[in-house]
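What follows is the content of target_37.txt (compact mmCIF, C-alpha atoms and all ligand atoms).
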# COMPACT_ATOMS: atom_id res chain seq x y z
CA MET A 17 -8.53 3.80 36.44
CA ARG A 18 -10.21 2.09 33.52
CA PRO A 19 -9.44 -1.66 33.53
CA LEU A 20 -6.31 -2.65 31.58
CA GLN A 21 -6.51 -4.84 28.50
CA MET A 22 -3.96 -5.87 25.88
CA VAL A 23 -6.27 -4.21 23.34
CA ASP A 24 -9.42 -2.17 23.98
CA THR A 25 -11.66 -2.54 20.94
CA LYS A 26 -14.80 -1.67 22.93
CA THR A 27 -13.73 1.86 23.90
CA GLN A 28 -12.49 2.45 20.36
CA TYR A 29 -15.92 1.42 19.04
CA LEU A 30 -17.74 3.76 21.39
CA HIS A 31 -15.90 6.76 19.87
CA ILE A 32 -17.15 5.90 16.36
CA LYS A 33 -20.36 4.09 17.31
CA GLU A 34 -22.72 6.36 15.40
CA GLU A 35 -20.85 5.99 12.12
CA VAL A 36 -20.28 2.27 12.50
CA ASP A 37 -23.87 1.55 13.46
CA LYS A 38 -25.10 3.55 10.48
CA ALA A 39 -22.78 1.66 8.11
CA VAL A 40 -23.93 -1.68 9.51
CA SER A 41 -27.60 -0.82 9.35
CA GLU A 42 -27.21 0.26 5.71
CA VAL A 43 -25.87 -3.19 4.89
CA MET A 44 -28.74 -4.79 6.83
CA ASP A 45 -31.26 -2.70 4.88
CA SER A 46 -29.64 -3.47 1.54
CA ALA A 47 -29.69 -7.23 2.24
CA ALA A 48 -26.55 -7.44 0.07
CA TYR A 49 -24.76 -9.61 2.61
CA ILE A 50 -22.36 -11.33 0.22
CA ASN A 51 -20.19 -9.20 -2.07
CA GLY A 52 -22.32 -6.13 -1.48
CA PRO A 53 -21.16 -2.77 -2.83
CA ALA A 54 -19.38 -1.97 0.45
CA VAL A 55 -16.77 -4.65 -0.33
CA GLY A 56 -15.66 -3.08 -3.60
CA GLN A 57 -15.83 0.40 -2.09
CA PHE A 58 -13.59 -0.58 0.79
CA ALA A 59 -11.13 -2.30 -1.57
CA GLU A 60 -10.87 0.87 -3.66
CA GLN A 61 -10.49 3.07 -0.60
CA LEU A 62 -7.70 0.84 0.74
CA ALA A 63 -5.95 0.69 -2.66
CA SER A 64 -5.89 4.45 -2.76
CA TYR A 65 -4.64 4.70 0.85
CA LEU A 66 -1.83 2.23 0.10
CA SER A 67 -1.12 3.53 -3.44
CA VAL A 68 -1.33 0.02 -4.80
CA LYS A 69 -3.06 -1.02 -8.01
CA HIS A 70 -5.11 -3.95 -6.71
CA VAL A 71 -6.63 -4.81 -3.34
CA ILE A 72 -8.41 -8.15 -3.29
CA PRO A 73 -10.40 -8.68 -0.10
CA CYS A 74 -10.71 -12.18 1.40
CA ALA A 75 -11.95 -13.92 4.52
CA ASN A 76 -8.93 -13.57 6.82
CA GLY A 77 -5.17 -13.03 6.87
CA THR A 78 -4.32 -16.71 6.84
CA ASP A 79 -6.38 -17.18 3.67
CA ALA A 80 -4.61 -14.17 2.14
CA LEU A 81 -1.24 -15.86 2.67
CA GLN A 82 -2.51 -19.18 1.35
CA ILE A 83 -4.07 -17.60 -1.73
CA ALA A 84 -0.88 -15.62 -2.40
CA LEU A 85 1.19 -18.82 -2.45
CA MET A 86 -1.46 -20.59 -4.58
CA ALA A 87 -1.35 -17.70 -7.08
CA LEU A 88 2.42 -18.17 -7.50
CA ASP A 89 1.74 -21.67 -8.82
CA LEU A 90 4.42 -23.43 -6.79
CA GLN A 91 5.01 -27.18 -6.94
CA PRO A 92 4.99 -29.55 -3.95
CA GLY A 93 8.44 -29.55 -2.37
CA ASP A 94 9.34 -26.05 -3.60
CA GLU A 95 11.11 -24.13 -0.87
CA VAL A 96 9.66 -21.05 0.78
CA ILE A 97 11.94 -19.04 3.04
CA THR A 98 10.31 -17.49 6.10
CA PRO A 99 11.24 -16.43 9.61
CA SER A 100 10.62 -18.95 12.38
CA PHE A 101 9.89 -16.09 14.76
CA THR A 102 6.37 -15.19 13.61
CA TYR A 103 2.73 -16.07 14.13
CA ILE A 104 1.97 -19.61 13.01
CA ALA A 105 -0.27 -18.52 10.11
CA THR A 106 2.74 -17.28 8.12
CA THR A 107 4.37 -20.70 8.04
CA GLU A 108 1.37 -22.99 8.40
CA VAL A 109 0.05 -22.18 4.93
CA ILE A 110 3.41 -23.16 3.40
CA ALA A 111 3.07 -26.65 4.87
CA LEU A 112 -0.64 -26.82 4.08
CA LEU A 113 0.21 -26.43 0.38
CA ARG A 114 2.85 -29.18 0.71
CA LEU A 115 5.64 -26.70 0.09
CA LYS A 116 8.80 -26.84 2.19
CA PRO A 117 9.18 -24.16 4.87
CA VAL A 118 12.79 -23.03 5.23
CA PHE A 119 13.12 -21.20 8.53
CA VAL A 120 15.68 -18.42 8.81
CA GLU A 121 16.96 -16.21 11.57
CA VAL A 122 15.65 -12.77 12.48
CA ASP A 123 17.51 -9.67 13.60
CA PRO A 124 17.80 -9.59 17.42
CA PHE A 125 16.87 -5.90 17.59
CA HIS A 126 14.18 -5.28 14.98
CA PHE A 127 12.84 -8.88 15.10
CA CYS A 128 12.34 -9.15 11.32
CA MET A 129 14.04 -11.40 8.76
CA ASP A 130 17.83 -11.13 8.61
CA PRO A 131 18.81 -10.60 4.94
CA VAL A 132 22.19 -12.30 5.47
CA ALA A 133 20.46 -15.44 6.76
CA LEU A 134 18.03 -15.20 3.86
CA GLU A 135 20.80 -15.11 1.27
CA ARG A 136 22.49 -18.14 2.86
CA ALA A 137 19.24 -20.15 2.78
CA ILE A 138 18.62 -19.79 -0.94
CA THR A 139 18.90 -22.98 -3.02
CA PRO A 140 17.93 -23.82 -6.61
CA ARG A 141 14.54 -24.95 -5.24
CA THR A 142 13.72 -21.63 -3.51
CA ARG A 143 10.59 -20.22 -5.11
CA ALA A 144 9.29 -17.66 -2.62
CA ILE A 145 10.30 -15.54 0.35
CA VAL A 146 7.78 -14.53 3.02
CA PRO A 147 9.13 -11.67 5.17
CA VAL A 148 6.98 -10.53 8.10
CA HIS A 149 6.69 -6.92 9.27
CA LEU A 150 6.64 -8.16 12.83
CA TYR A 151 4.98 -6.17 15.62
CA GLY A 152 4.28 -3.38 13.12
CA GLN A 153 7.78 -2.54 11.96
CA ALA A 154 9.05 -2.71 8.38
CA ALA A 155 11.34 -5.64 7.57
CA PRO A 156 14.53 -4.69 5.66
CA LEU A 157 12.72 -4.89 2.34
CA LYS A 158 15.30 -3.27 0.10
CA GLU A 159 17.87 -5.93 0.97
CA ILE A 160 15.26 -8.69 0.75
CA LEU A 161 13.91 -7.48 -2.61
CA ASP A 162 17.44 -7.14 -4.02
CA ILE A 163 18.25 -10.72 -3.09
CA ALA A 164 14.90 -11.92 -4.46
CA SER A 165 15.28 -10.17 -7.80
CA ARG A 166 18.88 -11.36 -8.21
CA HIS A 167 17.58 -14.94 -7.88
CA GLY A 168 14.23 -14.41 -9.62
CA ILE A 169 12.22 -15.34 -6.53
CA ALA A 170 8.79 -13.99 -5.55
CA VAL A 171 8.27 -12.06 -2.32
CA VAL A 172 5.03 -12.35 -0.35
CA GLU A 173 4.93 -9.73 2.41
CA ASP A 174 3.08 -10.72 5.56
CA ASN A 175 1.76 -7.28 6.47
CA ALA A 176 -0.86 -8.52 8.96
CA GLN A 177 0.73 -6.55 11.81
CA ALA A 178 1.86 -3.48 9.90
CA ILE A 179 -0.99 -1.90 7.97
CA GLY A 180 -0.24 1.80 7.52
CA CYS A 181 3.50 1.37 8.09
CA ASP A 182 5.83 3.20 5.71
CA TYR A 183 8.95 1.70 4.21
CA ILE A 184 11.49 4.50 3.76
CA PHE A 185 14.08 4.27 0.97
CA GLU A 186 17.56 5.77 1.27
CA ASP A 187 16.52 8.79 -0.80
CA GLY A 188 13.66 9.46 1.62
CA GLN A 189 10.94 8.12 -0.68
CA LYS A 190 8.18 6.27 1.20
CA LYS A 191 5.95 3.37 0.24
CA LYS A 192 3.46 1.43 2.35
CA THR A 193 4.66 -1.97 3.52
CA GLY A 194 2.74 -4.73 1.77
CA THR A 195 2.97 -2.96 -1.60
CA LEU A 196 6.64 -3.52 -2.41
CA GLY A 197 6.81 -7.28 -2.86
CA THR A 198 5.16 -9.46 -5.50
CA ILE A 199 2.07 -9.79 -3.29
CA GLY A 200 1.23 -8.30 0.11
CA CYS A 201 -1.15 -9.88 2.62
CA THR A 202 -2.99 -8.45 5.57
CA SER A 203 -5.51 -9.36 8.25
CA PHE A 204 -8.44 -7.41 9.65
CA TYR A 205 -8.70 -9.56 12.77
CA PRO A 206 -10.31 -7.32 15.44
CA SER A 207 -7.10 -6.68 17.39
CA LYS A 208 -5.03 -5.75 14.32
CA ASN A 209 -4.24 -2.07 13.66
CA LEU A 210 -7.10 -1.96 11.15
CA GLY A 211 -9.49 -4.40 12.79
CA ALA A 212 -12.97 -5.47 11.72
CA PHE A 213 -15.70 -6.69 14.09
CA GLY A 214 -15.03 -10.22 12.94
CA ASP A 215 -12.65 -11.88 10.49
CA GLY A 216 -11.29 -10.31 7.33
CA GLY A 217 -8.20 -10.10 5.17
CA ALA A 218 -6.86 -8.79 1.88
CA LEU A 219 -4.14 -9.21 -0.73
CA PHE A 220 -2.34 -6.37 -2.51
CA THR A 221 -0.48 -6.41 -5.79
CA ASN A 222 0.56 -4.09 -8.62
CA ASP A 223 0.58 -7.00 -11.10
CA ASP A 224 -2.58 -7.21 -13.24
CA VAL A 225 -2.13 -10.87 -14.17
CA LEU A 226 -1.55 -11.93 -10.57
CA ALA A 227 -4.50 -9.83 -9.42
CA SER A 228 -6.92 -11.65 -11.69
CA ARG A 229 -5.45 -15.01 -10.66
CA ILE A 230 -5.88 -14.09 -7.01
CA ARG A 231 -9.51 -13.01 -7.60
CA MET A 232 -10.18 -16.27 -9.37
CA ILE A 233 -8.56 -18.44 -6.69
CA ALA A 234 -10.46 -16.67 -3.90
CA ASN A 235 -13.67 -17.38 -5.80
CA HIS A 236 -13.57 -21.16 -6.39
CA GLY A 237 -11.16 -20.82 -9.29
CA GLN A 238 -13.78 -19.23 -11.53
CA SER A 239 -13.69 -16.05 -13.56
CA LYS A 240 -17.02 -16.87 -15.22
CA ARG A 241 -19.73 -18.32 -13.01
CA TYR A 242 -19.75 -22.15 -12.91
CA TYR A 243 -16.65 -22.41 -15.12
CA HIS A 244 -13.78 -23.38 -12.83
CA ASP A 245 -10.34 -23.10 -14.42
CA VAL A 246 -8.10 -23.70 -11.41
CA VAL A 247 -8.52 -25.21 -7.97
CA GLY A 248 -9.41 -22.35 -5.67
CA CYS A 249 -11.17 -21.76 -2.40
CA ASN A 250 -14.05 -19.75 -1.00
CA SER A 251 -12.66 -16.71 0.71
CA ARG A 252 -14.74 -13.53 0.92
CA LEU A 253 -14.71 -10.43 3.03
CA ASP A 254 -18.12 -10.06 4.64
CA THR A 255 -20.06 -6.99 3.43
CA MET A 256 -20.79 -5.89 6.99
CA GLN A 257 -17.08 -6.05 7.87
CA ALA A 258 -16.17 -4.09 4.74
CA ALA A 259 -18.62 -1.34 5.71
CA ILE A 260 -17.09 -1.15 9.22
CA LEU A 261 -13.54 -1.19 7.83
CA SER A 262 -14.33 1.76 5.55
CA VAL A 263 -15.25 3.81 8.60
CA LYS A 264 -12.13 2.73 10.48
CA LEU A 265 -9.72 3.20 7.56
CA THR A 266 -10.34 6.96 7.65
CA ARG A 267 -8.86 6.87 11.17
CA LEU A 268 -6.01 4.44 10.63
CA ASP A 269 -3.25 7.08 10.64
CA GLN A 270 -4.68 8.59 13.79
CA TYR A 271 -4.88 5.13 15.40
CA ASN A 272 -1.28 4.34 14.47
CA ALA A 273 -0.17 7.71 15.86
CA ALA A 274 -1.89 6.91 19.17
CA ARG A 275 -0.06 3.56 19.33
CA ARG A 276 3.24 5.30 18.57
CA GLN A 277 2.60 7.79 21.34
CA ALA A 278 1.96 5.03 23.87
CA ALA A 279 5.15 3.32 22.71
CA GLY A 280 7.07 6.56 23.21
CA PHE A 281 5.80 6.75 26.77
CA TYR A 282 7.03 3.21 27.49
CA ASP A 283 10.39 3.88 25.79
CA GLN A 284 11.04 6.82 28.10
CA ALA A 285 9.88 5.02 31.21
CA PHE A 286 12.15 2.02 30.58
CA ALA A 287 15.19 3.89 29.23
CA GLY A 288 17.13 3.58 32.49
CA CYS A 289 16.33 -0.07 33.19
CA SER A 290 19.42 -2.18 32.45
CA SER A 291 17.47 -5.46 32.29
CA LEU A 292 15.18 -4.27 29.52
CA LEU A 293 15.78 -3.67 25.83
CA THR A 294 13.11 -1.37 24.42
CA PRO A 295 12.04 -1.98 20.81
CA ARG A 296 14.55 -0.51 18.41
CA ARG A 297 13.25 1.78 15.64
CA VAL A 298 14.81 1.14 12.25
CA ASN A 299 15.82 3.92 9.83
CA HIS A 300 14.20 2.15 6.89
CA GLY A 301 10.64 2.53 8.09
CA THR A 302 8.09 3.74 10.54
CA HIS A 303 6.73 1.57 13.36
CA VAL A 304 2.96 1.20 13.81
CA PHE A 305 3.29 -0.77 17.06
CA HIS A 306 0.89 -3.61 16.58
CA GLN A 307 2.77 -4.84 19.65
CA TYR A 308 5.09 -3.14 22.10
CA THR A 309 7.61 -5.86 22.74
CA LEU A 310 10.50 -5.68 25.19
CA ARG A 311 13.41 -8.04 25.66
CA VAL A 312 14.04 -9.02 29.29
CA THR A 313 17.79 -9.72 29.39
CA ASN A 314 18.28 -10.87 32.98
CA GLY A 315 16.58 -14.24 32.54
CA GLN A 316 13.49 -13.23 34.53
CA ARG A 317 10.92 -12.76 31.79
CA ASP A 318 8.51 -15.36 33.15
CA ALA A 319 8.82 -14.02 36.70
CA LEU A 320 8.02 -10.54 35.36
CA ALA A 321 4.92 -11.88 33.60
CA THR A 322 3.69 -13.48 36.85
CA PHE A 323 4.44 -10.30 38.80
CA LEU A 324 2.41 -8.26 36.32
CA THR A 325 -0.48 -10.74 36.41
CA ASN A 326 -0.61 -10.37 40.20
CA ARG A 327 -0.98 -6.62 39.72
CA GLN A 328 -3.72 -7.13 37.16
CA ILE A 329 -1.47 -5.85 34.39
CA PRO A 330 -1.96 -7.93 31.24
CA SER A 331 1.04 -9.02 29.19
CA MET A 332 1.60 -11.60 26.47
CA ILE A 333 4.43 -13.66 25.02
CA TYR A 334 4.48 -13.36 21.22
CA TYR A 335 5.61 -16.07 20.57
CA PRO A 336 6.61 -18.71 23.12
CA VAL A 337 7.41 -21.49 20.62
CA PRO A 338 9.14 -20.65 17.33
CA GLY A 339 7.96 -22.26 14.09
CA HIS A 340 10.99 -24.52 13.75
CA ARG A 341 10.11 -26.15 17.11
CA GLN A 342 6.40 -26.70 16.40
CA LYS A 343 5.40 -30.36 16.10
CA MET A 344 3.32 -29.40 13.07
CA PHE A 345 6.47 -29.15 10.96
CA ASP A 346 8.17 -32.36 12.13
CA SER A 347 7.64 -34.14 8.84
CA PHE A 348 8.77 -31.07 6.84
CA LEU A 349 12.18 -30.75 8.48
CA THR A 350 14.91 -33.34 8.21
CA THR A 351 16.82 -31.70 11.09
CA THR A 352 15.93 -28.93 13.51
CA PRO A 353 17.54 -25.79 12.09
CA ASP A 354 20.01 -23.96 14.30
CA LEU A 355 18.37 -20.61 15.08
CA PRO A 356 19.93 -19.34 18.34
CA ILE A 357 18.62 -15.76 18.04
CA THR A 358 15.07 -16.95 17.47
CA ASP A 359 15.36 -19.33 20.45
CA LEU A 360 16.76 -16.54 22.62
CA LEU A 361 13.97 -14.16 21.64
CA THR A 362 11.27 -16.69 22.53
CA GLU A 363 12.79 -16.74 26.03
CA GLN A 364 13.19 -12.97 26.37
CA VAL A 365 10.26 -11.20 24.73
CA ILE A 366 7.24 -9.81 26.52
CA SER A 367 4.54 -7.59 25.05
CA LEU A 368 2.70 -4.94 27.07
CA PRO A 369 -0.78 -3.52 26.43
CA ILE A 370 -0.75 -1.25 23.41
CA HIS A 371 -3.77 0.18 21.61
CA THR A 372 -5.47 3.41 20.67
CA GLU A 373 -7.28 4.05 23.94
CA LEU A 374 -4.51 4.01 26.58
CA ASP A 375 -4.44 7.10 28.80
CA THR A 376 -1.52 8.44 30.82
CA GLU A 377 -2.87 7.01 34.07
CA GLN A 378 -2.97 3.53 32.57
CA LEU A 379 0.44 3.86 30.93
CA SER A 380 2.03 5.08 34.18
CA PHE A 381 0.47 2.23 36.13
CA ILE A 382 1.79 -0.36 33.66
CA ALA A 383 5.26 1.20 33.48
CA SER A 384 5.52 1.46 37.29
CA GLY A 385 4.49 -2.16 37.60
CA VAL A 386 7.30 -3.24 35.28
CA LEU A 387 9.88 -1.02 36.99
CA ASP A 388 8.79 -2.15 40.49
CA PHE A 389 9.54 -5.73 39.49
CA PHE A 390 13.14 -4.85 38.68
CA LYS A 391 13.51 -2.73 41.86
CA THR A 392 12.55 -5.72 43.99
CA ARG A 393 15.17 -7.83 42.16
CA ALA A 394 18.03 -5.34 42.02
C1 LIG A 401 -2.86 -12.17 12.51
C2 LIG A 401 -1.77 -12.65 11.66
C3 LIG A 401 -1.99 -13.50 10.57
C4 LIG A 401 -3.29 -14.17 10.29
O1 LIG A 401 -4.42 -13.41 10.23
P1 LIG A 401 -5.85 -14.03 10.52
O2 LIG A 401 -6.78 -12.98 10.02
O3 LIG A 401 -5.96 -14.26 11.99
O4 LIG A 401 -5.99 -15.30 9.76
C5 LIG A 401 -0.90 -13.83 9.77
N1 LIG A 401 0.33 -13.38 10.03
C6 LIG A 401 0.59 -12.59 11.08
C7 LIG A 401 1.99 -12.11 11.30
C8 LIG A 401 -0.45 -12.20 11.94
O5 LIG A 401 -0.16 -11.42 13.00
Using C-alpha cells, write down the structure from this file.
Ligand SMILES: *Cc1c(COP(=O)(O)O)cnc(C)c1O
Amino acid sequence: MRPLQMVDTKTQYLHIKEEVDKAVSEVMDSAAYINGPAVGQFAEQLASYLSVKHVIPCANGTDALQIALMALDLQPGDEVITPSFTYIATTEVIALLRLKPVFVEVDPFHFCMDPVALERAITPRTRAIVPVHLYGQAAPLKEILDIASRHGIAVVEDNAQAIGCDYIFEDGQKKKTGTLGTIGCTSFYPSKNLGAFGDGGALFTNDDVLASRIRMIANHGQSKRYYHDVVGCNSRLDTMQAAILSVKLTRLDQYNAARRQAAGFYDQAFAGCSSLLTPRRVNHGTHVFHQYTLRVTNGQRDALATFLTNRQIPSMIYYPVPGHRQKMFDSFLTTTPDLPITDLLTEQVISLPIHTELDTEQLSFIASGVLDFFKTRA
C-alpha cells in the first residue's frame, strides 16, 4: 500500500508534471517574476470559472481576508461577527485591524455559522459578517445574506476551504460559494482544494468600486505608481504560482469529485457505527470535502487518534481550541462568550485523510482502522 498522508500533493503533481513543469519553465524564461502575464490570465480564468466579475489575486488567504476588511473601511471597535469554530486566520485579521470579533455559534451538524445565533449577535455597531464554508461545505448563505441586507451589513465569505463548491437556491439555481457575499476570499495554500506550490490567495467581488479599492489596497494603496491614496499593503500572487494554478484549475471539478468519492466511501463504511456521526450534507449546497470530519460521540476522540497513530493512519483535529478561547483575543473580549456547541465540537471532531489520490486499498485500511478501534471498545 502507498503510504498514507492527510493530503498527497506529490502524487497529484506527478499526474500533471509535464504541464506544470512547462508552465513553470515558461515563467522562468520570461523573467516576468512579479505580476507577469500568467497572473492576469489566471485571474480571468478563475473569474470565468466562478462566474464572478472580479478576481483580485493576492499573496495568501489571510491577506485576502485582511484586505477585504480594509476595503470595507471599518473603524476601530466596529463589530465583525464570525464563527469561533474556524481556522485562526478568519478571526485573527479582525483583531489585527483593531476591530471587535464577535464570536457566534455554529450548527452542530454542518459546522457552519448558525443564522439564528448570527441574528441575535447583531448590534448597532455590527459592520460585517464573516461566514466560513468550513471543511468545504456551503454555509447557509441565503439566511445569512437576508439578515445582512435587512441590517445593511457587509458579508465577507471565507471560501478558503470551499473553492468549487456550489450554493444551491431553493429554485435549484446554483452559484459558486465566495461569489454571493459582498466580497469572497480564498487561499491557494498547497493543501487547499485548489493548491499552489507555495502561498497564494484571491478576493472575489461583483462590485466595481470595491474591486478597484481592493486592487489599490493590495498594491500599497496606489492606483497610479508612487501616488498612494490609502494605507495598503504589499500582497501579490507570485507569477510562478499563477501559472501552476492555471493548470490545476482546469482539473478542479475532477479533483473535487475525487474528494467526494472518497467521502462517500467513508460515509458507507461508518454508517453502522453508533459512536460516529458522519458529516451531514446540506440541501443548500454541494460539499467539496476539503476535510472529512467525523464527530466521535462516545467521549473517546483522543483515544481514537492515538489508536490510529499507532497504526500509522494519520488524522488531525481541526480545530482543538476555538477562537473564543485563544489567548490572542483576551483583550478583545470582556467575557468569554458561551458557545457550548463550539466547545463540544472541539472535543468531538476528528478529520481523516482526504485528497484526490486515495485508492480503495488505502480507504479500506483507514476505515478498518477506525472501525477496529470501536470494536475493541464495544
Ligand atoms: C487556509 C485558510 C485560511 C488562510 O489561508 P492562508 O493562505 O494559509 O493564509 C483562512 N481561512 C480558512 C478557513 C482557511 O482554511
Discussion item. Could you list, as number ranges by chain, all residues that come within 8 Å of ligand LIG 401 (chain A)? Count only C-alpha atoms and all ligand atoms.
Written reply: A: 75-81, 102-106, 148-151, 174-177, 202-205, 208, 215-217
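Counting from atom CA of A:Ile370, the distance to atom CA of A:Arg276 is 9.1 Å.
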Worksheet item: Pick the closest to A:Leu20 from A:Glu173, A:Glu186, A:Glu34, A:Glu373: which is it, counting all atoms listed in the file?
Response: A:Glu373
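With all atoms listed in the file as the basis for measurement, A:Ile83 is the residue among A:Gln21, A:Gln257, A:Ile83, A:Thr266 that approaches A:His236 most closely.
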Fill in: Interatomic distance, atom CA of A:Pro336 to atom CA of A:Leu210 (Å, one decimal)
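Distance between the two atoms: 24.7 Å.
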Discussion item. If I take atom CA of A:Pro356 and atom CA of A:Ala164, how far is one from the other in Å, to one decimal?
Written reply: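 It comes out at 24.5 Å.
You can rank A:Leu324, A:Thr392, A:Gly248, A:Ala259 by their closest distance to A:Ile50 using all atoms listed in the file, and at the top of that list sits A:Ala259.
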Worksheet item: Out of A:Thr195, A:Gln153, A:Gln270, A:Gln378, which residue has the shortest atom-to-atom distance to A:Tyr308 when counting all atoms listed in the file?
Response: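 Looking only at the distances to A:Tyr308, the closest residue turns out to be A:Gln153.
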Excluding same-chain residues fewer than 4 positions from A:Phe101, what lies within 8 Å of it counting only C-alpha atoms, as a compact mmCIF listing (two decimals) with C-alpha atoms, in the coordinates of the input?
# COMPACT_ATOMS: atom_id res chain seq x y z
CA GLU A 121 16.96 -16.21 11.57
CA VAL A 122 15.65 -12.77 12.48
CA PHE A 127 12.84 -8.88 15.10
CA TYR A 335 5.61 -16.07 20.57
CA PRO A 338 9.14 -20.65 17.33
CA GLY A 339 7.96 -22.26 14.09
CA THR A 358 15.07 -16.95 17.47
CA THR A 362 11.27 -16.69 22.53
Worksheet entry | Ref. answer, residues at most 10 Å from (-7.9, 2.2, 23.2) with only C-alpha atoms, as a PyMOL selection string | chain A and resi 20-29+31+271+274-275+369-375
Fill in: Within 10 Å of file point (3.9, -7.4, 37.7), counting all atoms listed in the file, expressed as number ranges by chain
A: 319-331, 382-390
Practice prompt. Identify, on the basis of all atoms listed in the file, every residue whose closest approach to A:Ala63 does not exceed 10 Å; exclude the query and any residue fewer than 5 positions from it along the same chain; express the result as a PyMOL selection string.
Written response: chain A and resi 57-58+68-72+195+220-221
Per-residue nearest contacts stretch 109-223 of chain A to stretch 300-306 of chain A, cut-off 9 Å, using only C-alpha atoms, as JSON lines:
{"residue": "A:Leu150", "atom": "CA", "partner": "A:His306", "partner_atom": "CA", "distance": 8.2}
{"residue": "A:Tyr151", "atom": "CA", "partner": "A:His306", "partner_atom": "CA", "distance": 4.9}
{"residue": "A:Gly152", "atom": "CA", "partner": "A:Val304", "partner_atom": "CA", "distance": 4.8}
{"residue": "A:Gln153", "atom": "CA", "partner": "A:His303", "partner_atom": "CA", "distance": 4.5}
{"residue": "A:Ala154", "atom": "CA", "partner": "A:Gly301", "partner_atom": "CA", "distance": 5.5}
{"residue": "A:Ala155", "atom": "CA", "partner": "A:Gly301", "partner_atom": "CA", "distance": 8.2}
{"residue": "A:Pro156", "atom": "CA", "partner": "A:His300", "partner_atom": "CA", "distance": 7.0}
{"residue": "A:Leu157", "atom": "CA", "partner": "A:His300", "partner_atom": "CA", "distance": 8.5}
{"residue": "A:Lys158", "atom": "CA", "partner": "A:His300", "partner_atom": "CA", "distance": 8.8}
{"residue": "A:Gln177", "atom": "CA", "partner": "A:His306", "partner_atom": "CA", "distance": 5.6}
{"residue": "A:Ala178", "atom": "CA", "partner": "A:Val304", "partner_atom": "CA", "distance": 6.2}
{"residue": "A:Ile179", "atom": "CA", "partner": "A:Val304", "partner_atom": "CA", "distance": 7.7}
{"residue": "A:Gly180", "atom": "CA", "partner": "A:Val304", "partner_atom": "CA", "distance": 7.1}
{"residue": "A:Cys181", "atom": "CA", "partner": "A:Thr302", "partner_atom": "CA", "distance": 5.7}
{"residue": "A:Asp182", "atom": "CA", "partner": "A:Thr302", "partner_atom": "CA", "distance": 5.4}
{"residue": "A:Tyr183", "atom": "CA", "partner": "A:Gly301", "partner_atom": "CA", "distance": 4.3}
{"residue": "A:Ile184", "atom": "CA", "partner": "A:His300", "partner_atom": "CA", "distance": 4.8}
{"residue": "A:Phe185", "atom": "CA", "partner": "A:His300", "partner_atom": "CA", "distance": 6.3}
{"residue": "A:Glu186", "atom": "CA", "partner": "A:His300", "partner_atom": "CA", "distance": 7.5}
{"residue": "A:Lys190", "atom": "CA", "partner": "A:Gly301", "partner_atom": "CA", "distance": 8.2}
{"residue": "A:Thr193", "atom": "CA", "partner": "A:Gly301", "partner_atom": "CA", "distance": 8.8}
{"residue": "A:Ser207", "atom": "CA", "partner": "A:His306", "partner_atom": "CA", "distance": 8.6}
{"residue": "A:Lys208", "atom": "CA", "partner": "A:His306", "partner_atom": "CA", "distance": 6.7}
{"residue": "A:Asn209", "atom": "CA", "partner": "A:His306", "partner_atom": "CA", "distance": 6.1}
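In terms of minimum interatomic distance to A:Leu66, A:Gly194 ranks closest within A:Pro117, A:Gly168, A:Gly194, A:Pro53, counting all atoms listed in the file.
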Discussion item. From the options A:Asn314, A:Thr294, A:Gln364, A:Gln342, which residue's atoms come nearest to A:Glu108, counting all atoms listed in the file?
Written reply: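 Ranking A:Asn314, A:Thr294, A:Gln364, A:Gln342 by distance to A:Glu108, first place goes to A:Gln342.
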How big is the axis-aligned box around the listed atoms of stretch 166-180 of chain A once 6 Å is added on each side, and where is its centre? Give both in Å to one decimal, as lines of an AutoDock Vina configuration file.
center_x = 8.9
center_y = -6.8
center_z = 1.1
size_x = 31.9
size_y = 29.1
size_z = 33.4
List the neighbours of stretch 170-172 of chain A out to 9 Å using all atoms listed in the file; skip same-chain residues closer than 6 positions along the sequence, and give me the result as a PDB file with C-alpha atoms, keeping the file's coordinate frame.
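The resulting around-v1.pdb:
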ATOM      1  CA  LEU A  81      -1.240 -15.860   2.670  1.00  0.00           C
ATOM      2  CA  ALA A  84      -0.880 -15.620  -2.400  1.00  0.00           C
ATOM      3  CA  LEU A  85       1.190 -18.820  -2.450  1.00  0.00           C
ATOM      4  CA  LEU A  88       2.420 -18.170  -7.500  1.00  0.00           C
ATOM      5  CA  ARG A 143      10.590 -20.220  -5.110  1.00  0.00           C
ATOM      6  CA  ALA A 144       9.290 -17.660  -2.620  1.00  0.00           C
ATOM      7  CA  ILE A 145      10.300 -15.540   0.350  1.00  0.00           C
ATOM      8  CA  VAL A 146       7.780 -14.530   3.020  1.00  0.00           C
ATOM      9  CA  PRO A 147       9.130 -11.670   5.170  1.00  0.00           C
ATOM     10  CA  VAL A 148       6.980 -10.530   8.100  1.00  0.00           C
ATOM     11  CA  ILE A 160      15.260  -8.690   0.750  1.00  0.00           C
ATOM     12  CA  LEU A 161      13.910  -7.480  -2.610  1.00  0.00           C
ATOM     13  CA  ALA A 164      14.900 -11.920  -4.460  1.00  0.00           C
ATOM     14  CA  GLY A 194       2.740  -4.730   1.770  1.00  0.00           C
ATOM     15  CA  LEU A 196       6.640  -3.520  -2.410  1.00  0.00           C
ATOM     16  CA  GLY A 197       6.810  -7.280  -2.860  1.00  0.00           C
ATOM     17  CA  THR A 198       5.160  -9.460  -5.500  1.00  0.00           C
ATOM     18  CA  ILE A 199       2.070  -9.790  -3.290  1.00  0.00           C
ATOM     19  CA  GLY A 200       1.230  -8.300   0.110  1.00  0.00           C
ATOM     20  CA  CYS A 201      -1.150  -9.880   2.620  1.00  0.00           C
TER      21      CYS A 201
END
